[in-house]
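Peer 1: As input, take target.txt (compact mmCIF, C-alpha atoms):
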```txt
# COMPACT_ATOMS: atom_id res chain seq x y z
CA MET K 839 4.71 3.29 -19.55
CA ARG K 840 4.07 -0.18 -20.94
CA VAL K 841 0.48 -1.39 -20.61
CA GLY K 842 -0.86 -4.83 -21.42
CA VAL K 843 -4.58 -5.39 -22.02
CA VAL K 844 -5.72 -8.99 -21.53
CA LEU K 845 -8.20 -10.59 -23.93
CA PHE K 846 -10.34 -13.52 -22.84
CA PRO K 847 -12.91 -15.19 -25.10
CA GLY K 848 -15.90 -12.87 -24.66
CA THR K 849 -13.96 -9.74 -23.69
CA ASN K 850 -15.45 -6.82 -25.62
CA ARG K 851 -14.22 -3.55 -24.12
CA GLU K 852 -10.52 -3.80 -24.97
CA ARG K 853 -10.70 -1.15 -27.71
CA ASP K 854 -12.24 1.31 -25.27
CA VAL K 855 -9.26 0.81 -22.97
CA LEU K 856 -6.78 1.21 -25.83
CA THR K 857 -8.52 4.43 -26.89
CA ALA K 858 -8.47 5.79 -23.35
CA PHE K 859 -4.70 5.30 -22.98
CA VAL K 860 -3.97 6.77 -26.41
CA ARG K 861 -6.17 9.81 -25.61
CA ALA K 862 -4.28 10.12 -22.32
CA GLY K 863 -1.06 10.45 -24.28
CA ALA K 864 0.24 7.01 -23.29
CA PRO K 865 1.81 4.58 -25.76
CA ARG K 866 -0.66 2.18 -27.35
CA PRO K 867 -1.09 -0.84 -25.03
CA ARG K 868 -0.15 -4.36 -26.08
CA LEU K 869 -2.94 -6.95 -26.35
CA ILE K 870 -2.30 -10.17 -24.41
CA TRP K 871 -4.22 -13.36 -25.23
CA HIS K 872 -5.46 -15.26 -22.16
CA GLU K 873 -3.28 -18.27 -22.99
CA GLU K 874 -0.11 -16.17 -22.75
CA SER K 875 1.74 -15.98 -19.48
CA ASP K 876 4.61 -13.61 -20.25
CA LEU K 877 4.01 -10.19 -18.71
CA ALA K 878 7.68 -9.24 -18.66
CA GLY K 879 8.39 -5.56 -19.15
CA LEU K 880 4.87 -4.37 -18.37
CA ASP K 881 4.10 -1.67 -15.80
CA LEU K 882 0.34 -2.12 -15.83
CA VAL K 883 -1.98 -4.98 -16.77
CA VAL K 884 -5.60 -4.14 -17.59
CA LEU K 885 -8.43 -6.67 -17.48
CA PRO K 886 -11.16 -5.00 -19.56
CA GLY K 887 -14.91 -5.47 -19.51
CA GLY K 888 -17.04 -7.93 -21.41
CA PHE K 889 -18.56 -11.33 -20.85
CA SER K 890 -15.61 -13.69 -20.57
CA TYR K 891 -16.71 -17.28 -21.16
CA GLY K 892 -20.31 -16.09 -21.47
CA ASP K 893 -20.44 -15.47 -17.70
CA TYR K 894 -20.81 -19.24 -17.30
CA LEU K 895 -21.07 -20.50 -13.72
CA ARG K 896 -20.35 -17.05 -12.22
CA PRO K 897 -19.03 -13.95 -14.01
CA GLY K 898 -15.24 -14.19 -14.04
CA ALA K 899 -15.07 -17.73 -12.64
CA MET K 900 -13.73 -19.35 -15.82
CA ALA K 901 -11.40 -16.51 -16.79
CA ALA K 902 -9.89 -16.61 -13.30
CA LEU K 903 -8.48 -20.05 -14.17
CA SER K 904 -6.79 -18.94 -17.43
CA PRO K 905 -2.99 -19.28 -17.69
CA VAL K 906 -2.63 -15.50 -17.88
CA MET K 907 -4.25 -15.12 -14.46
CA THR K 908 -1.50 -17.16 -12.81
CA ALA K 909 0.90 -14.65 -14.34
CA VAL K 910 -1.27 -11.69 -13.28
CA ARG K 911 -1.36 -12.98 -9.69
CA ALA K 912 2.46 -13.19 -9.66
CA PHE K 913 2.72 -9.78 -11.34
CA ALA K 914 0.50 -8.22 -8.66
CA ALA K 915 2.46 -9.97 -5.91
CA ARG K 916 5.67 -8.41 -7.33
CA GLY K 917 4.08 -4.97 -6.99
CA GLY K 918 2.85 -4.60 -10.57
CA TYR K 919 -0.10 -2.31 -11.28
CA VAL K 920 -3.37 -4.01 -12.27
CA LEU K 921 -6.65 -2.41 -13.32
CA GLY K 922 -9.78 -4.55 -13.62
CA ILE K 923 -12.88 -2.89 -15.07
CA CYS K 924 -16.36 -4.44 -14.86
CA ASN K 925 -15.85 -8.07 -15.91
CA GLY K 926 -12.16 -7.46 -15.18
CA PHE K 927 -13.09 -6.60 -11.57
CA GLN K 928 -15.21 -9.76 -11.39
CA ILE K 929 -12.20 -11.77 -12.64
CA LEU K 930 -9.84 -10.20 -10.06
CA ILE K 931 -12.31 -11.15 -7.32
CA GLU K 932 -12.83 -14.71 -8.59
CA ALA K 933 -9.04 -15.08 -8.83
CA GLY K 934 -8.73 -14.03 -5.19
CA ILE K 935 -6.54 -11.02 -6.06
CA LEU K 936 -9.15 -8.66 -4.57
CA PRO K 937 -11.47 -9.67 -1.70
CA GLY K 938 -15.23 -10.05 -1.56
CA ALA K 939 -17.77 -11.07 -4.18
CA LEU K 940 -20.01 -9.43 -6.77
CA LEU K 941 -23.63 -10.53 -6.54
CA ARG K 942 -26.51 -10.08 -8.94
CA ASN K 943 -27.72 -6.46 -8.99
CA VAL K 944 -30.36 -5.95 -6.31
CA THR K 945 -32.79 -4.85 -9.05
CA LEU K 946 -32.20 -8.15 -10.90
CA ARG K 947 -31.79 -5.97 -14.01
CA PHE K 948 -28.79 -5.46 -16.23
CA LEU K 949 -28.05 -1.79 -15.58
CA ALA K 950 -26.81 0.19 -18.59
CA GLN K 951 -26.84 3.81 -17.47
CA ASP K 952 -24.65 6.61 -16.17
CA CYS K 953 -23.69 6.73 -12.52
CA HIS K 954 -21.57 9.09 -10.42
CA LEU K 955 -18.48 8.02 -8.54
CA ARG K 956 -16.97 9.74 -5.54
CA VAL K 957 -13.18 9.58 -5.33
CA GLU K 958 -12.35 8.33 -1.83
CA ARG K 959 -8.64 9.11 -2.00
CA ALA K 960 -6.55 11.01 -4.53
CA ASP K 961 -3.10 9.78 -3.52
CA THR K 962 -2.96 6.65 -5.69
CA ALA K 963 -1.55 6.12 -9.17
CA PHE K 964 -5.12 5.75 -10.42
CA THR K 965 -6.63 8.87 -8.85
CA ARG K 966 -3.80 11.45 -8.68
CA HIS K 967 -5.51 13.59 -11.33
CA PHE K 968 -8.74 13.73 -9.34
CA GLN K 969 -9.43 15.68 -6.13
CA LYS K 970 -10.28 13.70 -3.00
CA GLY K 971 -14.06 13.80 -2.65
CA ALA K 972 -14.58 14.81 -6.28
CA VAL K 973 -17.51 13.19 -8.07
CA PHE K 974 -17.29 12.20 -11.73
CA ARG K 975 -19.74 10.67 -14.16
CA ALA K 976 -19.13 7.16 -15.53
CA PRO K 977 -21.21 4.76 -17.57
CA MET K 978 -22.10 1.43 -15.98
CA ALA K 979 -23.19 -1.72 -17.83
CA HIS K 980 -23.46 -4.85 -15.72
CA GLY K 981 -25.80 -7.44 -14.26
CA ASP K 982 -23.60 -8.58 -11.38
CA GLY K 983 -22.02 -5.58 -9.69
CA ASN K 984 -23.50 -5.74 -6.22
CA TYR K 985 -20.40 -5.69 -4.01
CA PHE K 986 -20.50 -8.04 -1.03
CA ALA K 987 -17.93 -8.84 1.65
CA ASP K 988 -18.15 -10.42 5.07
CA PRO K 989 -18.16 -7.96 8.00
CA ALA K 990 -14.46 -8.49 8.82
CA THR K 991 -13.37 -7.89 5.22
CA LEU K 992 -15.60 -4.84 4.91
CA ALA K 993 -14.20 -3.41 8.15
CA ARG K 994 -10.65 -3.98 6.92
CA LEU K 995 -11.33 -2.30 3.55
CA GLU K 996 -12.89 0.71 5.30
CA GLY K 997 -10.29 0.85 8.06
CA GLU K 998 -7.30 0.66 5.71
CA GLY K 999 -8.73 3.14 3.23
CA LEU K 1000 -9.05 0.61 0.44
CA ILE K 1001 -12.36 1.84 -0.94
CA ALA K 1002 -11.53 3.53 -4.24
CA PHE K 1003 -14.92 4.83 -5.41
CA ARG K 1004 -18.48 4.95 -4.08
CA TYR K 1005 -21.74 5.45 -5.97
CA THR K 1006 -23.17 8.83 -4.98
CA PRO K 1007 -25.42 11.51 -6.45
CA PRO K 1008 -23.53 14.30 -8.29
CA ALA K 1009 -23.25 16.30 -5.05
CA GLY K 1010 -21.36 13.45 -3.38
CA GLU K 1011 -23.54 12.57 -0.40
CA LEU K 1012 -24.48 8.92 0.22
CA ALA K 1013 -27.99 8.13 -1.02
CA ARG K 1014 -29.59 4.76 -1.50
CA GLU K 1015 -31.15 5.72 -4.85
CA ALA K 1016 -27.69 6.54 -6.23
CA ASN K 1017 -26.46 3.00 -5.46
CA PRO K 1018 -28.36 1.23 -8.22
CA ASN K 1019 -26.87 -2.26 -7.89
CA GLY K 1020 -27.20 -2.42 -4.09
CA SER K 1021 -23.49 -2.64 -3.25
CA MET K 1022 -22.52 -2.75 0.43
CA ASN K 1023 -21.40 0.68 1.66
CA HIS K 1024 -22.07 2.00 -1.89
CA ILE K 1025 -18.77 0.44 -3.03
CA ALA K 1026 -18.03 0.81 -6.74
CA GLY K 1027 -14.32 0.00 -6.63
CA ILE K 1028 -11.64 -1.23 -4.24
CA TYR K 1029 -7.85 -1.33 -3.97
CA SER K 1030 -5.45 -4.03 -2.90
CA ALA K 1031 -3.55 -3.40 0.34
CA ASN K 1032 -0.60 -1.91 -1.60
CA LEU K 1033 -2.95 0.37 -3.60
CA ARG K 1034 -1.56 -0.99 -6.89
CA VAL K 1035 -4.50 -3.20 -7.85
CA LEU K 1036 -7.78 -1.43 -8.57
CA GLY K 1037 -11.04 -3.13 -9.48
CA LEU K 1038 -14.19 -1.17 -10.31
CA MET K 1039 -17.52 -1.93 -11.95
CA PRO K 1040 -18.21 1.29 -13.93
CA HIS K 1041 -16.40 2.26 -17.13
CA PRO K 1042 -14.29 5.45 -16.92
CA GLU K 1043 -12.71 4.41 -20.25
CA ASP K 1044 -16.05 4.96 -21.97
CA LEU K 1045 -16.11 8.69 -21.21
CA VAL K 1046 -12.79 9.99 -22.50
CA ASP K 1047 -13.79 11.99 -25.59
CA PRO K 1048 -16.07 15.04 -26.00
CA VAL K 1049 -17.38 13.46 -29.21
CA ILE K 1050 -19.16 10.80 -27.14
CA GLY K 1051 -20.32 13.10 -24.37
CA GLY K 1052 -17.43 13.99 -22.12
CA GLU K 1053 -13.96 13.38 -20.72
CA ASP K 1054 -15.02 12.69 -17.16
CA GLY K 1055 -13.07 9.42 -17.00
CA LEU K 1056 -9.90 10.67 -18.68
CA PRO K 1057 -8.08 11.78 -15.47
CA LEU K 1058 -7.79 8.13 -14.42
CA PHE K 1059 -5.77 7.40 -17.55
CA THR K 1060 -3.71 10.63 -17.63
CA GLY K 1061 -2.93 10.03 -13.96
CA LEU K 1062 -1.71 6.51 -14.65
CA ALA K 1063 0.31 7.72 -17.64
CA GLU K 1064 2.03 10.29 -15.42
CA ALA K 1065 2.53 7.97 -12.44
CA LEU K 1066 3.99 5.16 -14.53
CA ALA K 1067 5.96 7.23 -17.05
CA ALA K 1068 9.28 5.52 -17.64
CA MET B 852 -3.52 -66.37 -5.77
CA SER B 853 -3.40 -63.36 -8.19
CA ALA B 854 -3.82 -59.85 -6.76
CA PRO B 855 -7.33 -58.43 -7.15
CA LEU B 856 -7.74 -56.29 -10.24
CA PRO B 857 -8.23 -52.58 -9.50
CA VAL B 858 -11.92 -51.79 -9.87
CA THR B 859 -13.13 -48.50 -11.27
CA LEU B 860 -16.68 -47.58 -10.42
CA HIS B 861 -18.89 -45.02 -12.11
CA PHE B 862 -20.81 -42.42 -10.13
CA ASN B 863 -23.31 -39.68 -10.89
CA ALA B 864 -22.94 -36.58 -8.77
CA THR B 865 -25.36 -33.71 -8.27
CA VAL B 866 -24.03 -30.49 -6.76
CA THR B 867 -26.65 -27.98 -5.64
CA VAL B 868 -25.32 -24.45 -5.11
CA LEU B 869 -27.39 -21.92 -3.15
CA PRO B 870 -26.78 -18.49 -1.63
CA LYS B 871 -25.42 -18.67 1.92
CA GLU B 872 -27.73 -17.70 4.73
CA GLY B 873 -27.45 -13.96 5.24
CA VAL B 874 -26.27 -13.23 1.70
CA LEU B 875 -28.70 -11.11 -0.26
CA ASP B 876 -30.67 -13.29 -2.69
CA PRO B 877 -32.69 -10.89 -4.85
CA GLU B 878 -33.67 -13.67 -7.24
CA GLY B 879 -35.11 -15.78 -4.43
CA GLN B 880 -36.92 -12.74 -3.05
CA ALA B 881 -38.43 -11.96 -6.45
CA ILE B 882 -39.66 -15.54 -6.83
CA GLU B 883 -41.09 -15.42 -3.31
CA ARG B 884 -43.03 -12.24 -4.11
CA ALA B 885 -44.29 -13.75 -7.37
CA LEU B 886 -45.45 -16.94 -5.64
CA LYS B 887 -47.30 -14.90 -3.03
CA GLY B 888 -48.80 -12.85 -5.85
CA LEU B 889 -50.17 -16.09 -7.29
CA GLY B 890 -51.88 -16.80 -3.98
CA PHE B 891 -49.35 -19.20 -2.44
CA SER B 892 -49.48 -17.32 0.84
CA GLU B 893 -48.08 -20.30 2.77
CA VAL B 894 -44.61 -19.74 1.26
CA GLU B 895 -42.10 -18.74 3.95
CA THR B 896 -38.74 -18.52 2.18
CA VAL B 897 -37.42 -19.05 -1.34
CA HIS B 898 -33.84 -19.38 -2.50
CA ALA B 899 -32.65 -19.67 -6.09
CA GLY B 900 -29.42 -21.38 -7.06
CA LYS B 901 -27.83 -23.66 -9.56
CA VAL B 902 -27.65 -27.43 -10.04
CA ILE B 903 -24.60 -29.02 -11.64
CA THR B 904 -24.61 -32.70 -12.56
CA LEU B 905 -21.56 -34.67 -13.54
CA SER B 906 -20.47 -38.27 -13.91
CA LEU B 907 -17.08 -39.50 -12.79
CA THR B 908 -15.04 -42.58 -12.03
CA ALA B 909 -13.61 -43.41 -8.63
CA ALA B 910 -12.35 -46.43 -6.70
CA ASP B 911 -15.20 -46.14 -4.23
CA ARG B 912 -17.94 -43.82 -3.03
CA ALA B 913 -15.73 -42.12 -0.45
CA GLU B 914 -13.21 -41.16 -3.11
CA ALA B 915 -15.97 -39.92 -5.42
CA GLU B 916 -17.36 -37.75 -2.65
CA ARG B 917 -13.95 -36.38 -1.72
CA ARG B 918 -13.21 -35.42 -5.32
CA VAL B 919 -16.61 -33.81 -5.96
CA ARG B 920 -16.33 -31.86 -2.70
CA GLU B 921 -12.95 -30.56 -3.89
CA MET B 922 -14.53 -29.54 -7.23
CA ALA B 923 -17.27 -27.69 -5.36
CA GLU B 924 -14.80 -25.87 -3.10
CA ARG B 925 -12.43 -24.87 -5.88
CA LEU B 926 -14.80 -23.97 -8.70
CA LEU B 927 -18.47 -24.95 -8.63
CA ALA B 928 -19.38 -22.82 -5.60
CA ASN B 929 -17.93 -19.53 -4.34
CA PRO B 930 -17.58 -20.21 -0.60
CA ILE B 931 -17.72 -16.49 0.22
CA ILE B 932 -21.34 -16.22 -0.89
CA GLN B 933 -22.60 -19.74 -1.57
CA ARG B 934 -23.21 -23.06 0.16
CA TYR B 935 -23.56 -26.39 -1.59
CA THR B 936 -24.91 -29.88 -1.08
CA LEU B 937 -23.77 -33.08 -2.79
CA ARG B 938 -25.62 -36.19 -3.86
CA ILE B 939 -23.59 -39.10 -5.18
CA GLU B 940 -25.01 -42.29 -6.66
CA GLU B 941 -23.23 -45.25 -8.15
CA SER B 942 -24.28 -45.77 -11.75
CA ALA B 943 -24.34 -48.92 -13.84
```
Go ahead and render the structure in this file as structure tokens.

Peer 2:
Amino acid sequence: MRVGVVLFPGTNRERDVLTAFVRAGAPRPRLIWHEESDLAGLDLVVLPGGFSYGDYLRPGAMAALSPVMTAVRAFAARGGYVLGICNGFQILIEAGILPGALLRNVTLRFLAQDCHLRVERADTAFTRHFQKGAVFRAPMAHGDGNYFADPATLARLEGEGLIAFRYTPPAGELAREANPNGSMNHIAGIYSANLRVLGLMPHPEDLVDPVIGGEDGLPLFTGLAEALAA
Amino acid sequence: MSAPLPVTLHFNATVTVLPKEGVLDPEGQAIERALKGLGFSEVETVHAGKVITLSLTAADRAEAERRVREMAERLLANPIIQRYTLRIEESA
């Protein structure tokens, strides 16, 4: 499996992603500067978290116009796998690769805390090492993660099974207090129609080692390593 | 009998970006609550947004407006969640 991790000015979670893939037994990903546009030979492109361009204008708005994003759009259109985490999800949305928008958290606070994510389907390259309906812990750290979509888009995402993860309590039921940023339908992550592009706000890559509190997020990376093994 | 020289005019543009009606605006709601807390009970609604000013050249006001509208649609506002208004003035 060949993974590329894109670096924008202000990206700061790329090492966490590298660590997660190495711990999952995958080859060390290649770092790709945002001015590059050659993604040849890659199976998966990751847009990691951070504050690209200082979140100027809207989070992800500037990064979405980088040369690499033209290449990422073409890569996704060819059926390439793309994973956008936190600011990476915001960039995928601003680039129009995933639908909807991410608004300011309903609390108006930057939320740096653990949350729990319910796996809505386990038949994708990203979730094959989870059980459908399983709930896992993941750290979240964002100010603009409040998922919004117009009613038609929301109905399509729900109807086509494109919701990847929802915020829930550990037991997995839907509860308003477990949806800290106020996302519509408790949405924490969504897929593209071909299930090969995943964007999510929380950080599974930050819980992949018992030394820092657990391996709850590791199955996402071992699953990808298995699904995309050459 | 010479052709008129092309004239380039200078304009100042102000683009005001606000949340669309119906889109959750927690910042506006927080300001509204704070204003009411200060005793401004007459306040009915509050919205918070962003103002972007820029100067540009164009052949005429219509061209300036067309270009700024394109800037707003493609970058300055996110049409899924935001609306915008333009103000364009010719500058010296």

Peer 1: Any idea what's packed within 12 Å of Gln933 in chain B, counting only C-alpha atoms, ignoring anything in its chain fewer than 5 positions away? Could you give it as number ranges by chain?

Peer 2: K: 896, 939-941, 986; B: 867-876, 898-901, 923-924, 926-928

Peer 1: What gap, in Å, lies between CA of Ala914 in chain K and CA of Gly981 in chain K?

Peer 2: 26.9 Å

Peer 1: Grab the CA of Ala950 in chain K to CA of Val920 in chain K distance for me, in Å with one decimal place.

Peer 2: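 A separation of 24.6 Å between them.
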
Peer 1: List the spatial neighbours of range 1022-1026 of chain K as a ChimeraX atom specification - criterion: any atom at most 7 Å away, all atoms listed in the file, same-chain residues fewer than 4 positions off excluded.

Peer 2: /K:985-986,1001,1003-1005,1017,1038-1039

Peer 1: Within 10 Å of Leu1000 in chain K, counting all atoms listed in the file, which residues show up once you throw out same-chain ones fewer than 4 positions away? Write them as a list in words, please.

Peer 2: Glu958, Arg959, Leu992, Arg994, Leu995, Glu996, Gly1027, Ile1028, Tyr1029, Ser1030, Ala1031, Asn1032, Leu1033 and Leu1036 of chain K

Peer 1: Provide the CA of Ala1063 in chain K to CA of Phe964 in chain K distance in Å, to one decimal place.

Peer 2: 9.2 Å

Peer 1: Quick one: which chain K residues come within 10 Å of chain B, and what is the nearest atom pair for each with the distance in Å to one decimal, counting only C-alpha atoms, rows ordered by chain and ascending number, as a tab-separated table?

Peer 2:
```
residue	atom	partner	partner_atom	distance
K:Leu895	CA	B:Leu927	CA	7.2
K:Arg896	CA	B:Asn929	CA	8.6
K:Ala899	CA	B:Leu926	CA	7.4
K:Met900	CA	B:Leu926	CA	8.6
K:Ala902	CA	B:Leu926	CA	10.0
K:Leu903	CA	B:Leu926	CA	9.2
K:Glu932	CA	B:Asn929	CA	8.2
K:Pro937	CA	B:Ile931	CA	9.4
K:Gly938	CA	B:Ile931	CA	7.1
K:Ala939	CA	B:Ile931	CA	7.0
K:Leu940	CA	B:Ile932	CA	9.1
K:Leu941	CA	B:Leu875	CA	8.1
K:Arg942	CA	B:Pro877	CA	7.5
K:Asn943	CA	B:Pro877	CA	7.8
K:Val944	CA	B:Pro877	CA	5.7
K:Thr945	CA	B:Pro877	CA	7.4
K:Leu946	CA	B:Pro877	CA	6.7
K:Asn984	CA	B:Leu875	CA	9.6
K:Phe986	CA	B:Ile932	CA	8.2
K:Ala987	CA	B:Ile931	CA	7.8
K:Asp988	CA	B:Ile931	CA	7.8
K:Gly1020	CA	B:Leu875	CA	9.6
```

Peer 1: Mind giving me the axis-aligned box for range 904-922 of chain B with 5 Å on every side, centre plus edges in Å to one decimal, as JSON?

Peer 2:
```
{"center_x": -18.5, "center_y": -38.0, "center_z": -7.2, "size_x": 22.3, "size_y": 26.9, "size_z": 23.5}
```

Peer 1: Tell me which of K:Asn925, K:Thr965, K:Thr908, K:Ser875 sits closest to Asp893 in chain K, counting all atoms listed in the file.

Peer 2: K:Asn925

Peer 1: Neighbours of Gly1061 in chain K within 8 Å (all atoms listed in the file; same-chain residues fewer than 4 positions away dropped), as a PyMOL selection string?

Peer 2: chain K and resi 963-967+1057+1065

Peer 1: What's around Arg918 in chain B at 12 Å? Count all atoms listed in the file, leave out sequence neighbours fewer than 2 positions away in its own chain, and write the answer as number ranges by chain.

Peer 2: B: 862, 864, 866, 905-916, 920-925, 937, 939

Peer 1: For each of K:Leu1012, K:Pro977, K:Gly1037, K:Cys924, take the minimum atom-to-atom distance to Gly1051 in chain K, counting only C-alpha atoms, then give the residue where this is smallest.

Peer 2: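 Of K:Leu1012, K:Pro977, K:Gly1037, K:Cys924, the one nearest Gly1051 in chain K, counting only C-alpha atoms, is K:Pro977.
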
Peer 1: With distances taken over all atoms listed in the file, which residue among B:Val919, B:Ala854, B:Val894, B:Ala885 lies nearest Thr936 in chain B?

Peer 2: B:Val919

Peer 1: Would you fill out range 870-878 of chain K with all heavy atoms and return it as a PDB file, in the coordinates of the input?

Peer 2:
```pdb
ATOM      1  N   ILE K 870      -2.853  -8.908 -24.935  1.00  0.00           N
ATOM      2  CA  ILE K 870      -2.300 -10.170 -24.410  1.00  0.00           C
ATOM      3  C   ILE K 870      -3.413 -11.209 -24.421  1.00  0.00           C
ATOM      4  O   ILE K 870      -4.444 -11.026 -23.774  1.00  0.00           O
ATOM      5  CB  ILE K 870      -1.786  -9.964 -22.976  1.00  0.00           C
ATOM      6  CG1 ILE K 870      -0.649  -8.950 -22.978  1.00  0.00           C
ATOM      7  CG2 ILE K 870      -1.344 -11.283 -22.357  1.00  0.00           C
ATOM      8  CD1 ILE K 870      -0.275  -8.466 -21.608  1.00  0.00           C
ATOM      9  N   TRP K 871      -3.232 -12.284 -25.166  1.00  0.00           N
ATOM     10  CA  TRP K 871      -4.220 -13.360 -25.230  1.00  0.00           C
ATOM     11  C   TRP K 871      -4.190 -14.138 -23.905  1.00  0.00           C
ATOM     12  O   TRP K 871      -3.143 -14.282 -23.288  1.00  0.00           O
ATOM     13  CB  TRP K 871      -3.901 -14.251 -26.426  1.00  0.00           C
ATOM     14  CG  TRP K 871      -4.886 -15.337 -26.726  1.00  0.00           C
ATOM     15  CD1 TRP K 871      -4.608 -16.660 -26.872  1.00  0.00           C
ATOM     16  CD2 TRP K 871      -6.300 -15.205 -26.957  1.00  0.00           C
ATOM     17  NE1 TRP K 871      -5.757 -17.352 -27.173  1.00  0.00           N
ATOM     18  CE2 TRP K 871      -6.811 -16.489 -27.220  1.00  0.00           C
ATOM     19  CE3 TRP K 871      -7.195 -14.113 -26.953  1.00  0.00           C
ATOM     20  CZ2 TRP K 871      -8.165 -16.733 -27.490  1.00  0.00           C
ATOM     21  CZ3 TRP K 871      -8.539 -14.355 -27.203  1.00  0.00           C
ATOM     22  CH2 TRP K 871      -9.012 -15.646 -27.472  1.00  0.00           C
ATOM     23  N   HIS K 872      -5.340 -14.658 -23.496  1.00  0.00           N
ATOM     24  CA  HIS K 872      -5.460 -15.260 -22.160  1.00  0.00           C
ATOM     25  C   HIS K 872      -4.612 -16.517 -21.996  1.00  0.00           C
ATOM     26  O   HIS K 872      -4.399 -16.979 -20.886  1.00  0.00           O
ATOM     27  CB  HIS K 872      -6.927 -15.598 -21.870  1.00  0.00           C
ATOM     28  CG  HIS K 872      -7.474 -16.674 -22.748  1.00  0.00           C
ATOM     29  ND1 HIS K 872      -7.765 -17.925 -22.301  1.00  0.00           N
ATOM     30  CD2 HIS K 872      -7.744 -16.680 -24.076  1.00  0.00           C
ATOM     31  CE1 HIS K 872      -8.206 -18.661 -23.297  1.00  0.00           C
ATOM     32  NE2 HIS K 872      -8.214 -17.924 -24.389  1.00  0.00           N
ATOM     33  N   GLU K 873      -4.122 -17.085 -23.118  1.00  0.00           N
ATOM     34  CA  GLU K 873      -3.280 -18.270 -22.990  1.00  0.00           C
ATOM     35  C   GLU K 873      -1.808 -17.902 -22.804  1.00  0.00           C
ATOM     36  O   GLU K 873      -0.977 -18.766 -22.563  1.00  0.00           O
ATOM     37  CB  GLU K 873      -3.444 -19.161 -24.230  1.00  0.00           C
ATOM     38  CG  GLU K 873      -4.807 -19.841 -24.255  1.00  0.00           C
ATOM     39  CD  GLU K 873      -5.088 -20.562 -25.560  1.00  0.00           C
ATOM     40  OE1 GLU K 873      -4.445 -20.232 -26.573  1.00  0.00           O
ATOM     41  OE2 GLU K 873      -5.960 -21.444 -25.548  1.00  0.00           O
ATOM     42  N   GLU K 874      -1.487 -16.605 -22.956  1.00  0.00           N
ATOM     43  CA  GLU K 874      -0.110 -16.170 -22.750  1.00  0.00           C
ATOM     44  C   GLU K 874       0.170 -16.067 -21.252  1.00  0.00           C
ATOM     45  O   GLU K 874      -0.743 -15.903 -20.454  1.00  0.00           O
ATOM     46  CB  GLU K 874       0.124 -14.798 -23.386  1.00  0.00           C
ATOM     47  CG  GLU K 874       0.044 -14.788 -24.894  1.00  0.00           C
ATOM     48  CD  GLU K 874       0.300 -13.391 -25.448  1.00  0.00           C
ATOM     49  OE1 GLU K 874       1.176 -12.697 -24.920  1.00  0.00           O
ATOM     50  OE2 GLU K 874      -0.404 -13.018 -26.400  1.00  0.00           O
ATOM     51  N   SER K 875       1.436 -16.165 -20.898  1.00  0.00           N
ATOM     52  CA  SER K 875       1.740 -15.980 -19.480  1.00  0.00           C
ATOM     53  C   SER K 875       2.999 -15.137 -19.288  1.00  0.00           C
ATOM     54  O   SER K 875       3.541 -15.088 -18.203  1.00  0.00           O
ATOM     55  CB  SER K 875       1.871 -17.329 -18.786  1.00  0.00           C
ATOM     56  OG  SER K 875       2.770 -18.134 -19.497  1.00  0.00           O
ATOM     57  N   ASP K 876       3.416 -14.441 -20.340  1.00  0.00           N
ATOM     58  CA  ASP K 876       4.610 -13.610 -20.250  1.00  0.00           C
ATOM     59  C   ASP K 876       4.197 -12.136 -20.128  1.00  0.00           C
ATOM     60  O   ASP K 876       3.721 -11.536 -21.089  1.00  0.00           O
ATOM     61  CB  ASP K 876       5.484 -13.815 -21.497  1.00  0.00           C
ATOM     62  CG  ASP K 876       6.742 -12.957 -21.440  1.00  0.00           C
ATOM     63  OD1 ASP K 876       7.033 -12.387 -20.359  1.00  0.00           O
ATOM     64  OD2 ASP K 876       7.428 -12.846 -22.469  1.00  0.00           O
ATOM     65  N   LEU K 877       4.360 -11.595 -18.935  1.00  0.00           N
ATOM     66  CA  LEU K 877       4.010 -10.190 -18.710  1.00  0.00           C
ATOM     67  C   LEU K 877       5.273  -9.354 -18.506  1.00  0.00           C
ATOM     68  O   LEU K 877       5.207  -8.232 -18.001  1.00  0.00           O
ATOM     69  CB  LEU K 877       3.095 -10.074 -17.483  1.00  0.00           C
ATOM     70  CG  LEU K 877       1.805 -10.912 -17.520  1.00  0.00           C
ATOM     71  CD1 LEU K 877       1.031 -10.769 -16.219  1.00  0.00           C
ATOM     72  CD2 LEU K 877       0.938 -10.513 -18.704  1.00  0.00           C
ATOM     73  N   ALA K 878       6.404  -9.910 -18.904  1.00  0.00           N
ATOM     74  CA  ALA K 878       7.680  -9.240 -18.660  1.00  0.00           C
ATOM     75  C   ALA K 878       7.696  -7.863 -19.306  1.00  0.00           C
ATOM     76  O   ALA K 878       7.227  -7.682 -20.426  1.00  0.00           O
ATOM     77  CB  ALA K 878       8.828 -10.087 -19.209  1.00  0.00           C
TER      78      ALA K 878
END
```
